[in-house]
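For reference, the structure discussed in these notes is given below.
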Amino acid sequence: MKSLRNTALGLAVGVAGASTAFAGELTIATVNNGHMIEMQKLTPEFEAAHPGTTLNWVTLDEGTLRSRVTTDITTKGGQFDVMTIGMYEAPIWGSRGWLQPLEFDAEYDVEDILPAMRGGLSHEGKLYAAPFYGESSMIMYRKDLVEEAGMTIEDNPTWDHIREVAKAITNKDEGVYGICLRGKPGWGDNMAFLTTMANSFGAQWFNEDWTPALDSDAWQEAVTFYVEMLEESGPPGSEGNSFNEILALMNEGKCGMWIDATIAASFVTDPDQSKVADKMAFAQAPQKATTKGANWLWAWSLAIPAGTDQAEEAMDFIEWATSKSYIELVAEKNGWGNVPTGTRQSTYDNPNFQEAATFDEAELKAILSANPEDSTLNPSPYVGVQFAAIPEFQAIGTAVGQQMTDALAGNITVEEALENSQAIADREMKKAGYY
Amino acid sequence: MTDRQRQIWIDRAAVTAAWIAALVFFFPIFWMVLTSFKTEGQAIQVPPLLIFEPTLENYLEIQDRTNYFKFAMNSVITAFGGTLVALLIAIPSAYSMAFNTTHRTKDVLMWMLSTKMLPAVGVLMPIYFLAQKFDLFDTRTLLVVIYAMMNLPIVMLILFNYFREIPKEILEASRMDGTSTFNEIRQIVLPLAWGGIASTALLSIILCWNEAFWSIVLTTTDASTLTAFVASFQAPEGLFWAKVSAVSTLACAPIVVFGWMAQKQLVQGLTFGAVK
């Protein structure tokens with residue numbers, strides 16, 4: 001390290017020039033999602049309205065973004081002035097003082113932001129991130145295949161009914177599989193879906209005394225159901241499937257049903273990328289013992305790290321990017337079917353949007369029905385639908401996700417997977433001093 | 001079958017095997033370039049499309065969204081800069097180890113090489129803090145230093161092997177004439193090992209060019225290289241295969257052209273000794 005330091009100093013005026021951000025230059029960390037890319041393209045609009053402020057974009061994949069912003073915020077690196085974070089990070093980081101609370105003027109109309117989104121991004125009544133686009137989860141299905149099988153799918157059908165429909169519409173000879181679900185390990189991957197499924201079976205991550213509850217009958221029943229259903233009617237290699245893999249299958253007409261993020265509705269109904277765009281229909285997530293927590297809630301949101309020197313400019317940017325007028329600007333440029341959704345009631349009230357988006361009603365219903373503060377059948381001590389908003393969850397969720405993938409791949413039994421998961425969660429929670 | 005006929009068959013089999021190996025290595029590159037001219041819908045089609053109407057939309061979108069040349073220039077500066085610094089350190093070090101060997105030389109070399117066994121992420125936090133402390137975050141200077149340190153063990157090992165092949169008698173003769181150490185390196189060692197140094201430099205440039213971990217972690221906007229550019233096109237929600245193929249094609253193109261032009265030197269340097 002000493003040699004590294006010396007060399008670094010020696011080279012400081014060497015082969016390449018150093019540069020640092022100057023006042024008025026905002027560095028924004030974001031992910032490569034369609035709505036975010038659109039926001040980048042509209043940079044000149046913001047810069048024209050805010051002379052003296054220029055925007056620098058850092059686009060990263062989701063995993064890298066998480067680790068980069070976490071490292072930056074914990075080391076007070078100050079690399080970013082605005083960060084794209086999720087509903088999991090916002091309340092935790094807010095409570096630790098890592099984010100600046102957001103206060104908007106009356107014109108911004110904070111009350112217009114959907115209450116579920118506001119609640120999920122707040123801590124003790126203070127909003128720490130503004131939602132840029134939000135989502136829940138729902139059933140997206142091929143109505144042609146379901147009708148051909150002489151069946152229907154209503155809102156909140158039972159899981160048993162979904163399994164029956166999946167069996168009926170599977171045609172393995174033609175490469176059509178009744179149901180496609182996430183299997184790739186990760187707290188935001190297979191565990192996001194599996195947690196909502198387990199919630200609907202009456203399961204929960206932790207008991208009221210914070211002891212893990214993964215050894216419950218409800219978890220056993222839910223995971224067994226999931227594994228068996230995918231074995232019967234799922235595509236081969238489900239353990240490697242995440243959002244994009246299933247989106248590709250769905251758009252190619254290889255899946256009959258998909259339960260995932262509502263944002264997917266805009267992709268599967270887009271004739272430019274989907275072969276089954278005109279055959280899609282939507283319904284609210286399945287349930288078993290309860291509808292509580294059966295569909296998740298997530299928002300890609302913009303936040304200001306506490307270490308930034310340019311909080312005022314960052315606030316101006318967030319106010320612009322998450323405002324009603326931004327949504328109108330996108331509509332003007334690309335049409336109402338392409339505006340960021342899941343954030344404001346006014347978007348769903350807009351008749352132009354209602355006409356352009358075929359999935360608007362189902363999406364809004366799903367978002368409004370998700371309640372992070374009451375997502376389990378029995379009382380639980382945590383906030384969050386598809387996660388528990390505690391710092392330890394990320395590690396626990398990912399480790400448990402690996403066990404679930406192993407069970408799905410047939411490497412271990414569901415019993416073993418849950419036994420291991422319980423032990424992992426127990427160890428982490430004890431280490432963190434919960435009991 | 002006569003010996004001659006047998007030899008012809010062996011030669012044919014060897015040539016066929018070489019072609020198969022070349023095709024296997026080339027296929028991913030071919031597929032990447034092909035996919036870059038498809039739409040996102042075509043890119044995921046099953047069975048995969050071989051004949052389709054090509055589109056430039058992915059390249060146009062990349063052009064629209066980012067400044068490719070800024071990333072490419074950063075890659076060029078950091079790859080060449082890192083290699084230059086590594087050579088400046090490695091040449092005198094390898095010289096001293098090759099011509100003033102002690103019983104610990106082998107251990108020192110092995111120790112240096114063993115640092116390559118350490119996963120990069122293991123030293124992430126110290127490097128992160130050092131970068132912060134010296135205000136080097138998101139600078140090409142930092143990447144040049146990291147790349148030089150990263151490749152130093154390999155560069156040193158290869159140069160050590162080249163230098164060792166230079167007959168000591170030549171150096172002894174020059175010393176008899178009173179040549180200084182610096183001149184000995186400049187006028188005798190470097191010209192004799194020039195092929196090896198050039199091929200080592202080429203190898204180091206390629207390794208620097210392809211490095212992704214440090215580039216992604218230690219840069220934001222000013223010093224990001226082409227590997228960070230490729231990584232930025234992955235999307236958690238939405239199809240990206242065609243676009244990422246186009247980006248990868250653009251990122252690979254300069255180094256493929258460079259490698260093609262330098263392949264003679266690269267192969268010669270890696271297969272021939274210093275004084276052969």
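Labeling convention for the structure tokens: chains A, B, ... as they appear, residues from 1 per chain, ligands from 1 in order of appearance.
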Quick one: everything within 7 Å of Glu62 (chain A), counting only C-alpha atoms, minus sequence neighbours fewer than 4 positions away in the same chain. Send it as an MDAnalysis selection string.
(chainID A and resid 31 66) or (chainID B and resid 236)
So that I have them on file, write out the residues from the current selection with C-alpha atoms, as a CSV table (one decimal), in the first residue's frame.
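And here is the file that came out, again_34.csv:
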chain,number,residue,atom,x,y,z
A,31,VAL,CA,-30.1,2.4,-13.6
A,66,ARG,CA,-26.5,-0.7,-5.0
B,236,PRO,CA,-32.8,-4.7,-14.6
Selection near Thr249 (chain B), 10 Å with only C-alpha atoms, sequence-local residues under 5 positions removed, as a ChimeraX atom specification:
/B:29-30,32-36,59,230,243-244,254,256
Counting only C-alpha atoms, which residue out of B:Ser75, B:Ser93, B:Asn100, B:Ser114 sits closest to Asn210 (chain B)?
B:Ser75
Could you list the residues in chain B lying within 9 Å of chain A, using only C-alpha atoms, and format the result as a JSON list (two decimals) with C-alpha atoms, in the first residue's frame?
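Result file follows (part_7.json):
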[["chain", "number", "residue", "atom", "x", "y", "z"],
["B", 39, "THR", "CA", -33.96, -5.15, -32.95],
["B", 40, "GLU", "CA", -34.50, -6.13, -29.29],
["B", 41, "GLY", "CA", -37.38, -8.34, -30.42],
["B", 42, "GLN", "CA", -35.25, -10.13, -33.01],
["B", 44, "ILE", "CA", -34.43, -12.77, -28.26],
["B", 45, "GLN", "CA", -36.20, -14.74, -30.98],
["B", 46, "VAL", "CA", -36.18, -18.54, -30.65],
["B", 64, "ASP", "CA", -27.71, 9.58, -29.02],
["B", 65, "ARG", "CA", -27.30, 8.68, -25.36],
["B", 77, "ILE", "CA", -5.03, 6.63, -21.98],
["B", 78, "THR", "CA", -5.42, 4.29, -19.02],
["B", 81, "GLY", "CA", -0.51, 4.78, -19.33],
["B", 125, "MET", "CA", -11.94, -0.61, 0.68],
["B", 126, "PRO", "CA", -8.27, 0.36, 1.25],
["B", 127, "ILE", "CA", -7.97, 1.50, -2.36],
["B", 128, "TYR", "CA", -11.28, 3.30, -2.09],
["B", 129, "PHE", "CA", -10.12, 5.22, 0.98],
["B", 130, "LEU", "CA", -6.73, 6.00, -0.55],
["B", 131, "ALA", "CA", -8.43, 7.34, -3.66],
["B", 132, "GLN", "CA", -10.59, 9.54, -1.49],
["B", 134, "PHE", "CA", -5.62, 11.79, -2.32],
["B", 135, "ASP", "CA", -8.60, 13.20, -4.18],
["B", 136, "LEU", "CA", -8.00, 10.84, -7.06],
["B", 137, "PHE", "CA", -11.49, 9.43, -7.35],
["B", 138, "ASP", "CA", -12.81, 9.27, -10.92],
["B", 139, "THR", "CA", -9.49, 10.26, -12.43],
["B", 140, "ARG", "CA", -7.48, 8.58, -15.13],
["B", 141, "THR", "CA", -4.43, 8.95, -12.89],
["B", 142, "LEU", "CA", -5.97, 6.56, -10.39],
["B", 144, "VAL", "CA", -3.28, 4.26, -14.52],
["B", 145, "VAL", "CA", -1.80, 3.56, -11.08],
["B", 146, "ILE", "CA", -4.19, 0.67, -10.42],
["B", 149, "MET", "CA", 0.05, -2.28, -10.10],
["B", 216, "ILE", "CA", -16.68, 0.37, -12.72],
["B", 217, "VAL", "CA", -16.02, 0.85, -9.02],
["B", 220, "THR", "CA", -18.20, 7.93, -12.26],
["B", 221, "THR", "CA", -18.22, 10.27, -15.25],
["B", 222, "ASP", "CA", -14.79, 11.69, -16.09],
["B", 223, "ALA", "CA", -12.55, 8.63, -16.19],
["B", 228, "ALA", "CA", -17.90, 0.70, -17.64],
["B", 229, "PHE", "CA", -19.62, 1.90, -20.81],
["B", 231, "ALA", "CA", -21.84, -2.35, -18.06],
["B", 232, "SER", "CA", -24.05, 0.75, -18.10],
["B", 233, "PHE", "CA", -26.24, -0.78, -20.80],
["B", 234, "GLN", "CA", -27.51, -3.68, -18.67],
["B", 235, "ALA", "CA", -31.10, -3.14, -17.64],
["B", 236, "PRO", "CA", -32.83, -4.72, -14.64],
["B", 237, "GLU", "CA", -36.26, -4.28, -16.21],
["B", 238, "GLY", "CA", -36.31, -4.32, -20.00],
["B", 239, "LEU", "CA", -34.63, -6.06, -22.91],
["B", 240, "PHE", "CA", -31.10, -4.95, -23.66]]
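Residues surrounding Gln287 (chain A) within 6 Å are Asn156, Thr158, Trp159 and Ser200 of chain A [only C-alpha atoms; sequence separation below 6 positions excluded].
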Using the selection just defined, write its residues with N, CA and C atoms as a PDB file, in the first residue's frame.
ATOM      1  N   ASN A 156     -57.421 -11.592  -7.989  1.00  0.00           N
ATOM      2  CA  ASN A 156     -57.099 -12.387  -6.790  1.00  0.00           C
ATOM      3  C   ASN A 156     -57.633 -13.814  -6.846  1.00  0.00           C
ATOM      4  N   THR A 158     -57.418 -17.969  -6.581  1.00  0.00           N
ATOM      5  CA  THR A 158     -56.660 -18.778  -5.617  1.00  0.00           C
ATOM      6  C   THR A 158     -55.445 -19.364  -6.335  1.00  0.00           C
ATOM      7  N   TRP A 159     -54.424 -19.666  -5.552  1.00  0.00           N
ATOM      8  CA  TRP A 159     -53.235 -20.278  -6.142  1.00  0.00           C
ATOM      9  C   TRP A 159     -53.594 -21.630  -6.766  1.00  0.00           C
ATOM     10  N   SER A 200     -49.164 -14.578   0.964  1.00  0.00           N
ATOM     11  CA  SER A 200     -50.547 -14.970   0.657  1.00  0.00           C
ATOM     12  C   SER A 200     -50.896 -16.346   1.225  1.00  0.00           C
TER      13      SER A 200
END
Using only C-alpha atoms, the shortest atom-to-atom distance to Leu121 (chain A) among A:Gly397, A:Pro379, A:Gly134, A:Pro305 belongs to A:Gly134
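Here CA of Ala218 (chain A) stands at a distance of 9.3 Å from CA of Ala289 (chain A).
Of the residues under consideration (B:Trp214, B:Phe163, B:Phe27, B:Phe71), B:Phe163 shows the shortest atom-to-atom contact distance to Leu190 (chain B) when counting only C-alpha atoms.
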Close residues, Trp219 (chain A) itself excluded, 8 Å, only C-alpha atoms, min 6 positions apart in chain, as a ChimeraX atom specification
/A:198,201,203-204,418
Take the selection from the previous step and output its residues with C-alpha atoms, as a PDB file, in the first residue's frame.
ATOM      1  CA  ALA A 198     -45.552 -16.830   1.045  1.00  0.00           C
ATOM      2  CA  PHE A 201     -50.117 -18.440   2.185  1.00  0.00           C
ATOM      3  CA  ALA A 203     -46.305 -16.842   6.118  1.00  0.00           C
ATOM      4  CA  GLN A 204     -43.970 -14.069   7.258  1.00  0.00           C
ATOM      5  CA  LEU A 418     -36.145 -23.973   4.671  1.00  0.00           C
TER       6      LEU A 418
END
Quick one: everything within 12 Å of Asp260 (chain A), counting only C-alpha atoms, minus sequence neighbours fewer than 3 positions away in the same chain. Send it as a PyMOL selection string.
(chain A and resi 135-141+179-183+188-194+196-197+241-244+246-247+250+257+263-265+268+282-286+294-298+363+366+386) or (chain B and resi 237)
Print the selection's residues with C-alpha atoms to a file, as a compact mmCIF listing (two decimals), in the first residue's frame.
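Output contents, as saved in selection24.txt:
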# COMPACT_ATOMS: atom_id res chain seq x y z
CA GLU A 135 -44.70 -0.67 -9.43
CA SER A 136 -46.55 -3.50 -7.79
CA SER A 137 -46.94 -7.06 -9.05
CA MET A 138 -49.86 -8.70 -10.83
CA ILE A 139 -50.83 -11.58 -13.08
CA MET A 140 -50.14 -11.03 -16.77
CA TYR A 141 -51.65 -13.77 -18.89
CA ILE A 179 -46.52 -20.27 -15.90
CA CYS A 180 -43.18 -18.48 -15.71
CA LEU A 181 -41.87 -17.23 -12.37
CA ARG A 182 -38.59 -15.86 -11.11
CA GLY A 183 -36.07 -18.44 -9.92
CA GLY A 188 -34.85 -8.56 -5.12
CA ASP A 189 -35.14 -11.49 -7.52
CA ASN A 190 -36.71 -14.81 -6.57
CA MET A 191 -37.30 -13.69 -2.98
CA ALA A 192 -39.33 -10.65 -4.03
CA PHE A 193 -41.78 -12.97 -5.75
CA LEU A 194 -41.57 -15.80 -3.23
CA THR A 196 -45.41 -12.21 -1.80
CA MET A 197 -46.44 -15.78 -2.50
CA ASN A 241 -34.89 -16.93 -14.80
CA SER A 242 -35.32 -13.37 -13.65
CA PHE A 243 -37.37 -10.47 -15.03
CA ASN A 244 -35.61 -10.12 -18.39
CA ILE A 246 -39.11 -14.26 -18.54
CA LEU A 247 -39.90 -11.08 -20.47
CA MET A 250 -43.33 -14.01 -22.69
CA MET A 257 -48.88 -16.60 -17.37
CA ILE A 263 -44.02 -2.33 -15.33
CA ALA A 264 -43.78 -5.49 -17.47
CA ALA A 265 -47.30 -4.77 -18.74
CA VAL A 268 -45.63 -7.24 -23.15
CA PHE A 282 -54.17 -8.67 -16.44
CA ALA A 283 -55.51 -9.66 -13.03
CA GLN A 284 -54.65 -8.98 -9.40
CA ALA A 285 -52.15 -11.33 -7.71
CA PRO A 286 -53.25 -14.79 -6.51
CA ALA A 294 -49.87 -10.91 -2.17
CA ASN A 295 -48.49 -8.19 -4.44
CA TRP A 296 -45.35 -6.22 -3.86
CA LEU A 297 -44.66 -2.52 -3.78
CA TRP A 298 -41.55 -0.89 -5.18
CA GLU A 363 -51.62 -1.37 -12.11
CA ALA A 366 -52.33 -3.38 -7.40
CA GLN A 386 -41.57 -8.29 -0.42
CA GLU B 237 -36.26 -4.28 -16.21
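Closest approach to Asp155 (chain A) from the set A:Val110, A:Phe225, A:Thr291, A:Asp349 is made by A:Thr291, with distances taken over only C-alpha atoms.
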Could you give me, as a ChimeraX atom specification, the residues within 8 Å of Ser122 (chain A), counting only C-alpha atoms and dropping anything in the same chain fewer than 6 positions from it?
/A:90-91,94,128-129
Deliver the residues from the most recent selection as a file, using N, CA and C atoms, as a CSV table (one decimal), in the first residue's frame.
chain,number,residue,atom,x,y,z
A,90,ALA,N,-34.6,3.6,1.2
A,90,ALA,CA,-35.0,4.9,1.6
A,90,ALA,C,-35.3,5.1,3.1
A,91,PRO,N,-36.2,4.2,3.7
A,91,PRO,CA,-36.4,4.4,5.1
A,91,PRO,C,-35.2,4.1,6.0
A,94,GLY,N,-32.6,6.8,5.5
A,94,GLY,CA,-33.2,8.1,6.1
A,94,GLY,C,-33.0,8.1,7.6
A,128,TYR,N,-37.9,10.7,2.4
A,128,TYR,CA,-36.5,10.7,2.1
A,128,TYR,C,-36.1,10.5,0.6
A,129,ALA,N,-37.1,10.1,-0.1
A,129,ALA,CA,-36.9,9.9,-1.6
A,129,ALA,C,-38.2,10.2,-2.3
